[in-house]
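Data file: protein22.txt. Format and content: compact mmCIF, C-alpha atoms and all ligand atoms.
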# COMPACT_ATOMS: atom_id res chain seq x y z
CA MET A 10 0.00 0.00 0.00
CA ILE A 11 1.21 3.54 -0.74
CA ARG A 12 0.68 5.83 2.21
CA ALA A 13 -0.62 9.38 1.73
CA MET A 14 2.58 10.52 3.49
CA VAL A 15 4.49 9.76 0.28
CA ARG A 16 3.23 13.08 -1.00
CA ASN A 17 5.45 14.86 1.52
CA ASP A 18 8.53 13.50 -0.28
CA PHE A 19 7.74 15.75 -3.25
CA PRO A 20 8.59 19.36 -2.42
CA ILE A 21 6.77 20.87 -5.41
CA LEU A 22 3.47 19.47 -4.10
CA ARG A 23 3.67 21.89 -1.16
CA ARG A 24 3.03 24.75 -3.56
CA ARG A 25 -0.29 26.49 -3.65
CA ILE A 26 -1.67 27.43 -7.05
CA HIS A 27 -4.09 30.37 -7.17
CA GLY A 28 -4.34 30.00 -3.40
CA LYS A 29 -5.36 26.31 -3.60
CA PRO A 30 -3.45 23.11 -2.84
CA PHE A 31 -1.56 21.89 -5.91
CA ALA A 32 -3.46 18.90 -7.33
CA TYR A 33 -0.97 17.67 -9.91
CA LEU A 34 -2.78 15.34 -12.29
CA ASP A 35 -0.42 15.32 -15.27
CA SER A 36 2.02 12.57 -14.34
CA THR A 37 1.70 10.93 -17.72
CA ALA A 38 3.32 14.02 -19.24
CA THR A 39 6.03 14.07 -16.61
CA THR A 40 6.26 13.01 -12.98
CA GLN A 41 7.29 15.12 -10.04
CA LYS A 42 10.62 14.37 -8.36
CA PRO A 43 11.06 13.21 -4.77
CA GLU A 44 13.57 14.86 -2.45
CA ALA A 45 15.78 11.77 -2.77
CA VAL A 46 16.23 12.36 -6.52
CA ILE A 47 16.82 16.08 -6.09
CA GLN A 48 19.40 15.40 -3.36
CA ALA A 49 21.24 12.71 -5.33
CA MET A 50 21.64 15.07 -8.26
CA ASP A 51 22.64 17.97 -6.04
CA GLU A 52 25.25 15.83 -4.31
CA PHE A 53 26.64 14.63 -7.63
CA GLN A 54 27.07 18.20 -8.88
CA ARG A 55 28.63 19.35 -5.61
CA LYS A 56 30.95 16.43 -4.91
CA PHE A 57 31.41 14.12 -7.88
CA ASN A 58 31.21 16.18 -11.02
CA ALA A 59 33.82 15.08 -13.55
CA ASN A 60 33.63 13.54 -16.98
CA VAL A 61 32.96 9.82 -16.75
CA HIS A 62 35.13 7.07 -18.29
CA ARG A 63 37.89 9.57 -19.07
CA GLY A 64 39.85 10.58 -16.01
CA ILE A 65 42.08 8.39 -13.90
CA TYR A 66 41.82 10.73 -10.95
CA THR A 67 39.66 10.05 -7.91
CA VAL A 68 36.65 12.25 -8.68
CA SER A 69 36.33 11.03 -12.26
CA GLU A 70 36.49 7.44 -11.05
CA GLU A 71 33.81 8.18 -8.44
CA ALA A 72 31.64 9.83 -11.10
CA THR A 73 32.08 6.81 -13.36
CA ALA A 74 31.17 4.43 -10.54
CA LEU A 75 27.98 6.42 -9.84
CA TYR A 76 27.05 6.55 -13.53
CA GLU A 77 27.66 2.84 -14.04
CA GLY A 78 25.96 2.11 -10.70
CA ALA A 79 22.81 3.78 -12.03
CA ARG A 80 22.96 1.49 -15.07
CA LYS A 81 23.07 -1.53 -12.78
CA LYS A 82 20.12 -0.25 -10.72
CA LEU A 83 18.02 0.21 -13.84
CA ALA A 84 19.01 -3.22 -15.16
CA ASP A 85 17.94 -4.84 -11.87
CA PHE A 86 14.72 -2.82 -11.83
CA ILE A 87 13.55 -4.41 -15.09
CA ASP A 88 15.17 -7.78 -14.40
CA ALA A 89 17.64 -7.54 -17.28
CA TRP A 90 20.22 -10.32 -17.53
CA SER A 91 23.05 -7.80 -17.42
CA GLU A 92 23.66 -4.06 -17.08
CA ARG A 93 25.39 -4.30 -20.46
CA GLU A 94 21.87 -4.45 -21.92
CA ILE A 95 21.11 -0.88 -20.82
CA VAL A 96 22.01 1.99 -23.14
CA PHE A 97 21.44 5.43 -21.68
CA THR A 98 19.64 7.81 -24.01
CA ARG A 99 18.05 11.24 -23.64
CA ASN A 100 14.54 9.85 -23.36
CA ALA A 101 12.24 7.09 -24.61
CA THR A 102 11.94 8.85 -27.96
CA GLU A 103 15.69 8.63 -28.52
CA ALA A 104 15.69 4.97 -27.48
CA ILE A 105 13.11 4.17 -30.17
CA ASN A 106 14.97 6.23 -32.76
CA LEU A 107 18.18 4.40 -31.85
CA VAL A 108 16.51 1.11 -32.77
CA ALA A 109 14.99 2.59 -35.95
CA TYR A 110 18.33 3.95 -37.14
CA ALA A 111 20.84 1.38 -35.98
CA TRP A 112 18.86 -1.88 -36.07
CA GLY A 113 16.19 -0.80 -38.55
CA ARG A 114 18.46 0.43 -41.31
CA ALA A 115 20.53 -2.76 -41.10
CA ASN A 116 17.60 -5.18 -40.97
CA VAL A 117 14.50 -3.75 -42.61
CA LYS A 118 14.64 -3.99 -46.41
CA GLN A 119 12.46 -3.11 -49.36
CA GLY A 120 9.25 -5.15 -49.27
CA ASP A 121 9.49 -5.85 -45.53
CA ASN A 122 7.11 -4.34 -43.02
CA VAL A 123 6.97 -2.92 -39.50
CA ALA A 124 3.79 -3.20 -37.44
CA VAL A 125 2.53 -0.73 -34.85
CA SER A 126 -0.87 -0.12 -33.26
CA LEU A 127 -3.20 2.82 -33.61
CA MET A 128 -2.77 3.72 -29.95
CA GLU A 129 0.94 4.53 -30.25
CA HIS A 130 2.47 7.81 -29.16
CA HIS A 131 3.99 9.73 -32.09
CA SER A 132 7.39 8.61 -30.74
CA ASN A 133 6.49 5.06 -31.70
CA ILE A 134 5.04 5.96 -35.10
CA VAL A 135 7.18 8.64 -36.71
CA PRO A 136 10.58 6.83 -36.43
CA TRP A 137 8.97 3.85 -38.22
CA GLN A 138 7.45 6.10 -40.88
CA LEU A 139 10.89 7.57 -41.55
CA LEU A 140 12.50 4.14 -41.67
CA THR A 141 9.91 2.40 -43.85
CA LYS A 142 9.78 5.32 -46.32
CA GLU A 143 13.55 5.38 -46.61
CA VAL A 144 14.00 1.67 -47.28
CA GLY A 145 10.78 1.04 -49.24
CA ALA A 146 9.10 -1.04 -46.52
CA ASP A 147 5.48 -0.96 -45.42
CA LEU A 148 4.16 0.43 -42.13
CA ARG A 149 1.20 -1.59 -40.92
CA VAL A 150 -1.16 -0.40 -38.22
CA ALA A 151 -3.27 -2.64 -36.00
CA PRO A 152 -6.63 -0.99 -35.27
CA VAL A 153 -8.03 -0.28 -31.83
CA ASN A 154 -11.59 -1.35 -30.98
CA VAL A 155 -14.31 0.77 -29.36
CA VAL A 156 -13.22 -0.13 -25.85
CA GLY A 157 -9.72 1.06 -26.61
CA GLU A 158 -7.95 -2.27 -26.97
CA ILE A 159 -5.76 -3.45 -29.82
CA ASP A 160 -7.73 -5.68 -32.17
CA MET A 161 -5.64 -8.81 -31.65
CA LYS A 162 -7.17 -10.69 -34.55
CA LYS A 163 -6.26 -7.88 -36.95
CA LEU A 164 -2.80 -7.58 -35.42
CA THR A 165 -2.24 -11.31 -35.96
CA ASP A 166 -3.38 -11.01 -39.56
CA LEU A 167 -1.02 -8.22 -40.42
CA ILE A 168 2.10 -9.91 -39.06
CA THR A 169 3.67 -11.92 -41.86
CA ARG A 170 7.02 -13.50 -42.65
CA ARG A 171 8.03 -10.08 -44.02
CA THR A 172 7.33 -8.37 -40.69
CA LYS A 173 10.66 -7.43 -39.18
CA LEU A 174 9.45 -5.63 -36.09
CA VAL A 175 6.30 -5.20 -34.03
CA ALA A 176 6.50 -1.94 -32.07
CA ILE A 177 3.81 -1.65 -29.38
CA THR A 178 3.21 0.45 -26.32
CA GLY A 179 3.34 -1.18 -22.89
CA MET A 180 0.65 1.26 -21.75
CA SER A 181 -1.26 3.83 -23.75
CA ASN A 182 -0.66 7.38 -22.54
CA VAL A 183 -4.24 8.24 -23.51
CA LEU A 184 -6.45 5.22 -22.93
CA GLY A 185 -4.42 3.59 -20.18
CA THR A 186 -4.74 0.26 -22.03
CA MET A 187 -2.00 -2.25 -21.25
CA PRO A 188 -1.65 -4.62 -24.22
CA ASP A 189 -0.77 -8.24 -23.55
CA ILE A 190 2.90 -7.96 -24.53
CA PRO A 191 3.94 -11.58 -23.81
CA ARG A 192 1.17 -12.77 -26.13
CA ILE A 193 2.11 -10.25 -28.83
CA ALA A 194 5.78 -11.21 -28.48
CA ARG A 195 5.00 -14.91 -28.91
CA MET A 196 2.91 -14.15 -31.96
CA ALA A 197 5.59 -11.94 -33.53
CA HIS A 198 8.43 -14.35 -32.77
CA ARG A 199 6.54 -17.21 -34.40
CA LYS A 200 6.72 -15.21 -37.64
CA GLY A 201 10.37 -14.29 -37.09
CA ALA A 202 9.70 -10.64 -36.16
CA LEU A 203 11.33 -8.84 -33.25
CA VAL A 204 9.32 -6.85 -30.69
CA LEU A 205 9.91 -3.37 -29.36
CA VAL A 206 7.93 -2.22 -26.35
CA ASP A 207 7.48 1.48 -25.81
CA GLY A 208 7.77 1.38 -22.03
CA ALA A 209 7.64 5.16 -21.50
CA GLN A 210 4.46 4.72 -19.45
CA SER A 211 4.40 1.06 -18.45
CA VAL A 212 7.78 1.00 -16.70
CA ALA A 213 6.64 3.88 -14.48
CA HIS A 214 3.30 2.37 -13.55
CA MET A 215 3.71 -1.38 -13.06
CA PRO A 216 6.36 -4.02 -12.41
CA THR A 217 8.50 -4.71 -15.50
CA ASP A 218 10.35 -7.95 -16.01
CA VAL A 219 11.94 -8.10 -19.44
CA ARG A 220 12.34 -11.85 -19.12
CA LYS A 221 8.58 -12.28 -18.75
CA LEU A 222 7.72 -9.66 -21.36
CA GLY A 223 9.54 -11.69 -23.97
CA ALA A 224 10.31 -8.55 -26.00
CA ASP A 225 13.60 -7.68 -27.71
CA PHE A 226 13.74 -3.93 -27.11
CA LEU A 227 12.26 -1.75 -24.37
CA ALA A 228 12.28 2.05 -24.43
CA ILE A 229 12.40 3.72 -21.00
CA SER A 230 11.78 7.33 -19.99
CA GLY A 231 13.48 8.74 -16.88
CA HIS A 232 11.28 11.78 -16.38
CA LYS A 233 8.11 9.67 -16.36
CA MET A 234 9.35 7.50 -13.49
CA LEU A 235 10.21 10.19 -10.92
CA GLY A 236 13.65 10.77 -12.46
CA PRO A 237 14.92 13.91 -14.17
CA SER A 238 14.38 15.02 -17.78
CA GLY A 239 17.10 14.37 -20.33
CA ILE A 240 17.72 10.75 -19.37
CA GLY A 241 16.12 7.58 -20.61
CA ALA A 242 17.30 4.19 -21.72
CA LEU A 243 17.05 1.46 -24.24
CA TRP A 244 17.07 -2.09 -22.99
CA ALA A 245 17.92 -4.71 -25.61
CA ARG A 246 19.23 -8.24 -25.51
CA GLN A 247 23.01 -8.07 -25.50
CA GLU A 248 23.51 -10.10 -28.66
CA LEU A 249 21.21 -7.73 -30.53
CA LEU A 250 23.19 -4.72 -29.33
CA GLU A 251 26.38 -6.46 -30.37
CA GLN A 252 25.08 -7.11 -33.89
CA MET A 253 23.77 -3.57 -34.35
CA PRO A 254 25.89 -0.88 -36.00
CA PRO A 255 26.40 2.33 -33.96
CA PHE A 256 23.79 5.08 -33.79
CA LEU A 257 25.77 8.29 -33.25
CA GLY A 258 29.50 8.63 -33.89
CA GLY A 259 31.96 10.45 -31.65
CA GLY A 260 33.92 10.13 -28.45
CA ASP A 261 33.46 7.24 -26.02
CA MET A 262 31.77 4.94 -28.56
CA ILE A 263 35.04 3.97 -30.29
CA ARG A 264 37.87 1.60 -29.57
CA GLU A 265 40.34 2.95 -32.11
CA VAL A 266 40.19 5.68 -34.70
CA THR A 267 42.49 6.26 -37.66
CA LEU A 268 41.82 8.82 -40.35
CA GLU A 269 40.46 6.04 -42.54
CA LYS A 270 38.24 4.13 -40.14
CA ALA A 271 37.15 3.45 -36.59
CA THR A 272 36.35 0.39 -34.51
CA TRP A 273 33.70 0.31 -31.85
CA ASN A 274 33.69 0.15 -28.09
CA ASP A 275 31.93 -2.73 -26.33
CA VAL A 276 28.20 -2.52 -25.70
CA PRO A 277 26.52 -0.57 -24.29
CA TRP A 278 29.11 2.20 -24.65
CA LYS A 279 29.17 1.70 -28.45
CA PHE A 280 25.80 3.50 -28.40
CA GLU A 281 26.72 6.29 -25.99
CA ALA A 282 28.64 8.80 -28.11
CA GLY A 283 29.85 11.97 -26.40
CA THR A 284 29.73 13.06 -22.79
CA PRO A 285 26.70 11.38 -21.22
CA ASN A 286 24.15 12.90 -18.89
CA ALA A 287 25.80 11.44 -15.80
CA VAL A 288 23.93 13.59 -13.32
CA GLY A 289 20.67 12.59 -15.00
CA ALA A 290 21.59 8.91 -14.79
CA VAL A 291 22.39 9.32 -11.09
CA GLY A 292 19.01 11.00 -10.58
CA LEU A 293 17.33 8.14 -12.42
CA GLY A 294 19.20 5.65 -10.24
CA ALA A 295 17.85 7.43 -7.15
CA ALA A 296 14.34 7.32 -8.64
CA VAL A 297 14.72 3.58 -9.16
CA ASP A 298 15.79 3.17 -5.51
CA TYR A 299 12.77 5.17 -4.41
CA LEU A 300 10.35 3.13 -6.54
CA GLN A 301 11.95 -0.14 -5.43
CA LYS A 302 11.34 0.84 -1.82
CA LEU A 303 7.67 1.53 -2.53
CA GLY A 304 7.40 -1.66 -4.60
CA MET A 305 6.11 -1.46 -8.18
CA GLY A 306 3.29 -3.88 -7.33
CA ASN A 307 2.10 -1.37 -4.72
CA VAL A 308 2.50 1.51 -7.17
CA HIS A 309 0.30 -0.30 -9.69
CA GLN A 310 -2.29 -1.16 -7.07
CA HIS A 311 -2.35 2.43 -5.78
CA GLU A 312 -2.95 3.76 -9.28
CA GLN A 313 -5.68 1.24 -9.99
CA THR A 314 -7.48 2.27 -6.82
CA LEU A 315 -7.26 5.88 -7.96
CA VAL A 316 -8.43 5.01 -11.46
CA ALA A 317 -11.46 3.15 -10.08
CA TYR A 318 -12.24 6.10 -7.80
CA ALA A 319 -11.84 8.73 -10.53
CA LEU A 320 -13.80 6.71 -13.10
CA LYS A 321 -16.73 6.46 -10.72
CA LYS A 322 -16.66 10.18 -9.95
CA LEU A 323 -16.25 11.22 -13.59
CA ARG A 324 -19.01 8.96 -14.83
CA ALA A 325 -21.40 10.57 -12.36
CA ILE A 326 -20.90 13.95 -14.04
CA LYS A 327 -23.43 14.79 -16.74
CA GLY A 328 -22.02 14.95 -20.28
CA VAL A 329 -18.68 13.25 -19.60
CA THR A 330 -17.25 10.87 -22.22
CA ILE A 331 -14.38 8.63 -21.17
CA TYR A 332 -12.02 7.14 -23.75
CA GLY A 333 -10.58 3.69 -23.29
CA PRO A 334 -11.44 0.86 -20.89
CA LEU A 335 -13.97 1.62 -18.16
CA ASP A 336 -12.75 -1.28 -16.09
CA ALA A 337 -10.01 0.02 -13.76
CA ARG A 338 -8.24 -3.35 -13.84
CA LYS A 339 -7.61 -2.88 -17.55
CA LYS A 340 -6.37 0.67 -17.25
CA GLY A 341 -3.09 2.21 -16.09
CA GLY A 342 -3.14 5.46 -14.12
CA VAL A 343 -4.52 7.71 -16.85
CA ILE A 344 -8.02 8.79 -17.89
CA ALA A 345 -8.77 10.73 -21.07
CA PHE A 346 -12.18 12.36 -21.16
CA ASN A 347 -14.26 15.17 -22.55
CA VAL A 348 -17.11 17.17 -21.08
CA GLU A 349 -19.90 17.94 -23.50
CA GLY A 350 -20.01 21.59 -24.48
CA VAL A 351 -16.64 22.45 -22.85
CA HIS A 352 -13.45 22.47 -24.91
CA SER A 353 -10.71 20.57 -23.11
CA HIS A 354 -8.43 23.64 -23.23
CA ASP A 355 -11.10 25.71 -21.46
CA LEU A 356 -11.56 22.91 -18.96
CA ALA A 357 -7.83 22.75 -18.22
CA THR A 358 -7.70 26.53 -17.82
CA LEU A 359 -10.64 26.55 -15.41
CA LEU A 360 -9.18 23.64 -13.43
CA ASP A 361 -5.88 25.47 -13.13
CA ARG A 362 -7.72 28.31 -11.37
CA GLU A 363 -8.85 25.73 -8.84
CA GLY A 364 -5.28 24.48 -8.34
CA ALA A 365 -5.68 21.32 -10.44
CA ALA A 366 -3.22 20.61 -13.27
CA ILE A 367 -4.63 18.37 -15.98
CA ARG A 368 -3.58 17.97 -19.60
CA SER A 369 -5.54 18.97 -22.64
CA GLY A 370 -4.70 18.30 -26.28
CA HIS A 371 -3.95 15.42 -28.63
CA HIS A 372 -1.40 13.83 -26.25
CA CYS A 373 1.00 13.13 -29.15
CA ALA A 374 -1.44 10.53 -30.41
CA GLN A 375 -3.24 12.23 -33.29
CA PRO A 376 -4.12 9.01 -35.19
CA LEU A 377 -5.86 7.74 -32.06
CA MET A 378 -7.71 11.05 -31.60
CA ARG A 379 -9.02 10.71 -35.19
CA LYS A 380 -10.27 7.22 -34.43
CA PHE A 381 -12.37 8.63 -31.59
CA GLY A 382 -13.47 11.56 -33.77
CA VAL A 383 -12.00 14.27 -31.54
CA MET A 384 -9.24 16.85 -31.94
CA ALA A 385 -8.38 16.88 -28.27
CA THR A 386 -9.33 15.47 -24.89
CA ALA A 387 -8.76 16.39 -21.29
CA ARG A 388 -6.61 13.90 -19.39
CA MET A 389 -5.93 13.29 -15.73
CA SER A 390 -3.11 10.97 -14.77
CA PHE A 391 -1.68 9.64 -11.55
CA SER A 392 1.50 8.63 -9.82
CA VAL A 393 2.66 7.48 -6.40
CA TYR A 394 2.00 10.87 -4.80
CA THR A 395 -1.55 11.28 -6.15
CA THR A 396 -4.32 11.19 -3.55
CA LYS A 397 -8.10 10.89 -3.66
CA ARG A 398 -8.16 14.49 -2.46
CA ASP A 399 -6.39 15.58 -5.67
CA ILE A 400 -9.08 13.80 -7.65
CA ASP A 401 -11.88 15.33 -5.53
CA GLN A 402 -10.41 18.77 -6.12
CA ALA A 403 -10.39 18.20 -9.89
CA ILE A 404 -13.87 16.69 -9.92
CA ALA A 405 -15.32 19.65 -8.01
CA ALA A 406 -13.63 21.99 -10.51
CA ILE A 407 -15.02 20.00 -13.47
CA GLU A 408 -18.53 20.26 -12.01
CA LYS A 409 -18.03 23.98 -11.58
CA ALA A 410 -16.74 24.38 -15.16
CA ARG A 411 -19.66 22.41 -16.55
CA LYS A 412 -22.14 24.59 -14.71
CA THR A 413 -20.38 27.75 -15.93
CA PHE A 414 -20.67 26.58 -19.56
CA ASP A 415 -24.23 25.34 -19.05
CA SER A 416 -25.52 28.68 -17.83
C1 LIG A 501 3.58 6.15 -24.53
C2 LIG A 501 4.68 7.16 -24.70
N1 LIG A 501 5.70 6.87 -25.49
C3 LIG A 501 6.74 7.71 -25.65
C4 LIG A 501 6.76 8.92 -25.03
C5 LIG A 501 7.94 9.81 -25.18
O1 LIG A 501 8.70 9.78 -24.01
P1 LIG A 501 9.95 10.73 -23.79
O2 LIG A 501 9.41 12.03 -23.32
O3 LIG A 501 10.77 10.03 -22.76
O4 LIG A 501 10.65 10.82 -25.09
C6 LIG A 501 5.68 9.29 -24.21
C7 LIG A 501 5.63 10.62 -23.57
O5 LIG A 501 4.58 11.14 -23.30
C8 LIG A 501 4.63 8.37 -24.02
O6 LIG A 501 3.60 8.66 -23.22

Can you present the structure in this file as C-alpha cells?
Ligand SMILES: Cc1ncc(COP(=O)(O)O)c(C=O)c1O
Amino acid sequence: MIRAMVRNDFPILRRRIHGKPFAYLDSTATTQKPEAVIQAMDEFQRKFNANVHRGIYTVSEEATALYEGARKKLADFIDAWSEREIVFTRNATEAINLVAYAWGRANVKQGDNVAVSLMEHHSNIVPWQLLTKEVGADLRVAPVNVVGEIDMKKLTDLITRRTKLVAITGMSNVLGTMPDIPRIARMAHRKGALVLVDGAQSVAHMPTDVRKLGADFLAISGHKMLGPSGIGALWARQELLEQMPPFLGGGDMIREVTLEKATWNDVPWKFEAGTPNAVGAVGLGAAVDYLQKLGMGNVHQHEQTLVAYALKKLRAIKGVTIYGPLDARKKGGVIAFNVEGVHSHDLATLLDREGAAIRSGHHCAQPLMRKFGVMATARMSFSVYTTKRDIDQAIAAIEKARKTFDS
C-alpha cells in the first residue's frame, strides 16, 4: 500500500496554485521528483562532477562508478540479464529512434514491413514512418476497438514472414490500455519478427520484467518515473546490441580511430557517443531506488485504486465521455475524457484556477484522436503521490466548469 505521506517527499506538491493546494494530475506528461532524486543530483554536482570514463583521478572514477551504478540499478529494476543491456539515451523517444536507425536500417529492407498499433504515441510511429519510407518497406497499423484495446485478430493477420518488427506500447498514454505484450511477443516471434515495447508509461506504472515480457527492445523514460528530464534508456538483448551498427559517432563509442576508419567500443558504450548525462543517470538511479522501496506492485495497485475512484466520480458527471477501458483493472493510471459543451483547453484553464493541473490536447497521439473523432481530450493521470483528495479537487472543478458553460 502507498501511504498518503508519500506526497510529503515531493517538495513541489507543497506549492499552492491560485491560493489552492496543488493537485498535480499530469504525471503521464512528466512526474514530479522526490527529495531523494533532487538530493542525489545535487550531491553529484557538488561532490562528484567530472567527466565519466575519461579521467584516472579520484573524482572522475567516483563519477564513473555512480554513472555505471545507475545502469546496474536500472538493469535490476527491469530484471535484465546484465547491465550491459542498458544503453542510456536522452529519453524514450531517442531509445526508439536508436533502434529505428541502428537496427532498422541494417535489418528492414524493401518489401518488408513494420507493425505498430493505432494507440501509439507519435514517438512510436514517426521513427517507423521515416525508416519504412527510406527503405521502401510498409508500415502496418493494427486498429483499436471501441473499448480502446488493440484488435488482436487484426494484429495477428497483419504480421507476416516479411514483418521485421512489431512496435507496441506497454501502456497507452491516452487510454491507459495495457496490451498483452507476452502474447504479442509470442505471436511476432513465431513469424520471425522482433518486438519493441514502448515502455515510457508502463515502466513507471507497473512491475517490469523483461524476461517475462519476452520482447527484444524496451524504451524507458526517466522523467516519467520520478527521475529527471534528459535521461532515458534502451534495454535490448546483448547479442542484438552487439550485432547492431552504432547510432551516433563520436567520443566514447570507439575503440580505435584512424583517419580512414574506426572500430567500436563494447556494448553498451558503443551506443553512448559523447559526454553522457551522468547527473541525469544518477538522478534516475535514485528514482529507481525510491520506486523499489515503494514496490512497483504497490504503485500499480495504488494507481488502480485511484483510477477506479476517478472513473466512478467522472461517470457521475453529466455529459462526460471517457475514452478507453472503463474497467479500472484494464487501465493504467490515466483517464482521457471530454465534457460535453466544454473544450478541453477551457476545462484545463478553469481547473488550473482551482489548483488542479490536468492535460488537454492530442497527447501526441493524433491518429488515435481521429479514431475517436475528436481533436483533443482532457486527461488526468496519476503517480505514487496522487491522492483521492487531488481527484476530488479536480472533480469539483469539473462540475463547476460544466455549470459555468451550461448557464
Ligand atoms: C507512450 C509514450 N511513449 C513515448 C513517449 C515519449 O517519451 P519521452 O518524453 O521520454 O521521449 C511518451 C511521452 O509522453 C509516451 O507517453

If we count all atoms listed in the file, what is near region 211-224 of chain A at a cut-off of 7 Å, once residues fewer than 2 positions away on the same chain are taken out, given as a PyMOL selection string?
chain A and resi 87-89+179-180+190-191+194+204-206+208-209+226+229+233-234+305-306+308-309+341

Which centre and edge lengths in Å to one decimal define the box along x, y and z that fits every listed atom of ligand LIG 501 (chain A) plus 3 Å per side, as AutoDock Vina command-line options?
--center_x 7.2 --center_y 9.1 --center_z -24.2 --size_x 13.2 --size_y 11.9 --size_z 8.9

Exercise. Give as a ChimeraX atom specification the residues surrounding ligand LIG 501 (chain A) up to a distance of 10 Å, considering only C-alpha atoms and all ligand atoms.
Key: /A:36-39,98-106,128-134,177-183,185,206-211,228-234,238-242,372-374

Requested in this report: Pick out the residues sitting within 10 Å of region 275-286 of chain A, and hand them over as a count of residues only; count only C-alpha atoms, and ignore anything fewer than 6 positions along from it in its own chain.
Outcome: 40

From the list A:Met187, A:Ala72, A:Leu174, A:Val15, the nearest residue to Leu140 (chain A) using only C-alpha atoms is A:Leu174

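Restricting the calculation to all atoms listed in the file, the smallest distance between Val156 (chain A) and any of A:His311, A:Lys322, A:His354, A:Lys339 is found for A:Lys339.
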
For Met50 (chain A), work out the shell of residues within 12 Å, counting all atoms listed in the file and skipping chain neighbours fewer than 3 positions away, then give it as an mmCIF file with C-alpha atoms, keeping the file's coordinate frame.
data_model
loop_
_atom_site.group_PDB
_atom_site.id
_atom_site.type_symbol
_atom_site.label_atom_id
_atom_site.label_comp_id
_atom_site.auth_asym_id
_atom_site.auth_seq_id
_atom_site.Cartn_x
_atom_site.Cartn_y
_atom_site.Cartn_z
ATOM 1 C CA LYS A 42 10.620 14.370 -8.360
ATOM 2 C CA PRO A 43 11.060 13.210 -4.770
ATOM 3 C CA GLU A 44 13.570 14.860 -2.450
ATOM 4 C CA ALA A 45 15.780 11.770 -2.770
ATOM 5 C CA VAL A 46 16.230 12.360 -6.520
ATOM 6 C CA ILE A 47 16.820 16.080 -6.090
ATOM 7 C CA PHE A 53 26.640 14.630 -7.630
ATOM 8 C CA GLN A 54 27.070 18.200 -8.880
ATOM 9 C CA ARG A 55 28.630 19.350 -5.610
ATOM 10 C CA LYS A 56 30.950 16.430 -4.910
ATOM 11 C CA PHE A 57 31.410 14.120 -7.880
ATOM 12 C CA ASN A 58 31.210 16.180 -11.020
ATOM 13 C CA ALA A 72 31.640 9.830 -11.100
ATOM 14 C CA LEU A 75 27.980 6.420 -9.840
ATOM 15 C CA TYR A 76 27.050 6.550 -13.530
ATOM 16 C CA ALA A 79 22.810 3.780 -12.030
ATOM 17 C CA GLY A 236 13.650 10.770 -12.460
ATOM 18 C CA PRO A 237 14.920 13.910 -14.170
ATOM 19 C CA SER A 238 14.380 15.020 -17.780
ATOM 20 C CA ASN A 286 24.150 12.900 -18.890
ATOM 21 C CA ALA A 287 25.800 11.440 -15.800
ATOM 22 C CA VAL A 288 23.930 13.590 -13.320
ATOM 23 C CA GLY A 289 20.670 12.590 -15.000
ATOM 24 C CA ALA A 290 21.590 8.910 -14.790
ATOM 25 C CA VAL A 291 22.390 9.320 -11.090
ATOM 26 C CA GLY A 292 19.010 11.000 -10.580
ATOM 27 C CA LEU A 293 17.330 8.140 -12.420
ATOM 28 C CA GLY A 294 19.200 5.650 -10.240
ATOM 29 C CA ALA A 295 17.850 7.430 -7.150
ATOM 30 C CA ALA A 296 14.340 7.320 -8.640
#

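With CA of His371 (chain A) on one side and CA of Ala319 (chain A) on the other, the separation reads 20.8 Å.
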
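Here CA of Asp35 (chain A) and CA of Thr395 (chain A) stand 10.0 Å from one another.
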
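Minimum distance to Asp147 (chain A) across A:Val68, A:His27, A:Asn122, A:Glu363 (counting all atoms listed in the file) occurs at A:Asn122.
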
Output region 117-128 of chain A with N, CA and C atoms present, as a short mmCIF file (atom, residue, chain, number, x, y, z; two decimals), in the coordinates of the input.
data_model
loop_
_atom_site.label_atom_id
_atom_site.label_comp_id
_atom_site.auth_asym_id
_atom_site.auth_seq_id
_atom_site.Cartn_x
_atom_site.Cartn_y
_atom_site.Cartn_z
N VAL A 117 15.78 -3.87 -41.91
CA VAL A 117 14.50 -3.75 -42.61
C VAL A 117 14.79 -3.36 -44.07
N LYS A 118 14.31 -4.19 -44.99
CA LYS A 118 14.64 -3.99 -46.41
C LYS A 118 13.36 -3.72 -47.21
N GLN A 119 13.58 -3.35 -48.44
CA GLN A 119 12.46 -3.11 -49.36
C GLN A 119 11.50 -4.33 -49.36
N GLY A 120 10.24 -4.06 -49.25
CA GLY A 120 9.25 -5.15 -49.27
C GLY A 120 8.96 -5.73 -47.89
N ASP A 121 9.77 -5.41 -46.90
CA ASP A 121 9.49 -5.85 -45.53
C ASP A 121 8.42 -4.95 -44.92
N ASN A 122 8.03 -5.26 -43.70
CA ASN A 122 7.11 -4.34 -43.02
C ASN A 122 7.39 -4.26 -41.52
N VAL A 123 6.90 -3.17 -40.95
CA VAL A 123 6.97 -2.92 -39.50
C VAL A 123 5.53 -2.72 -39.05
N ALA A 124 5.17 -3.34 -37.91
CA ALA A 124 3.79 -3.20 -37.44
C ALA A 124 3.74 -2.41 -36.14
N VAL A 125 2.78 -1.49 -36.09
CA VAL A 125 2.53 -0.73 -34.85
C VAL A 125 1.03 -0.81 -34.57
N SER A 126 0.57 -0.16 -33.49
CA SER A 126 -0.87 -0.12 -33.26
C SER A 126 -1.35 1.33 -33.37
N LEU A 127 -2.63 1.48 -33.47
CA LEU A 127 -3.20 2.82 -33.61
C LEU A 127 -3.09 3.64 -32.32
N MET A 128 -2.81 2.97 -31.21
CA MET A 128 -2.77 3.72 -29.95
C MET A 128 -1.36 4.20 -29.60
#
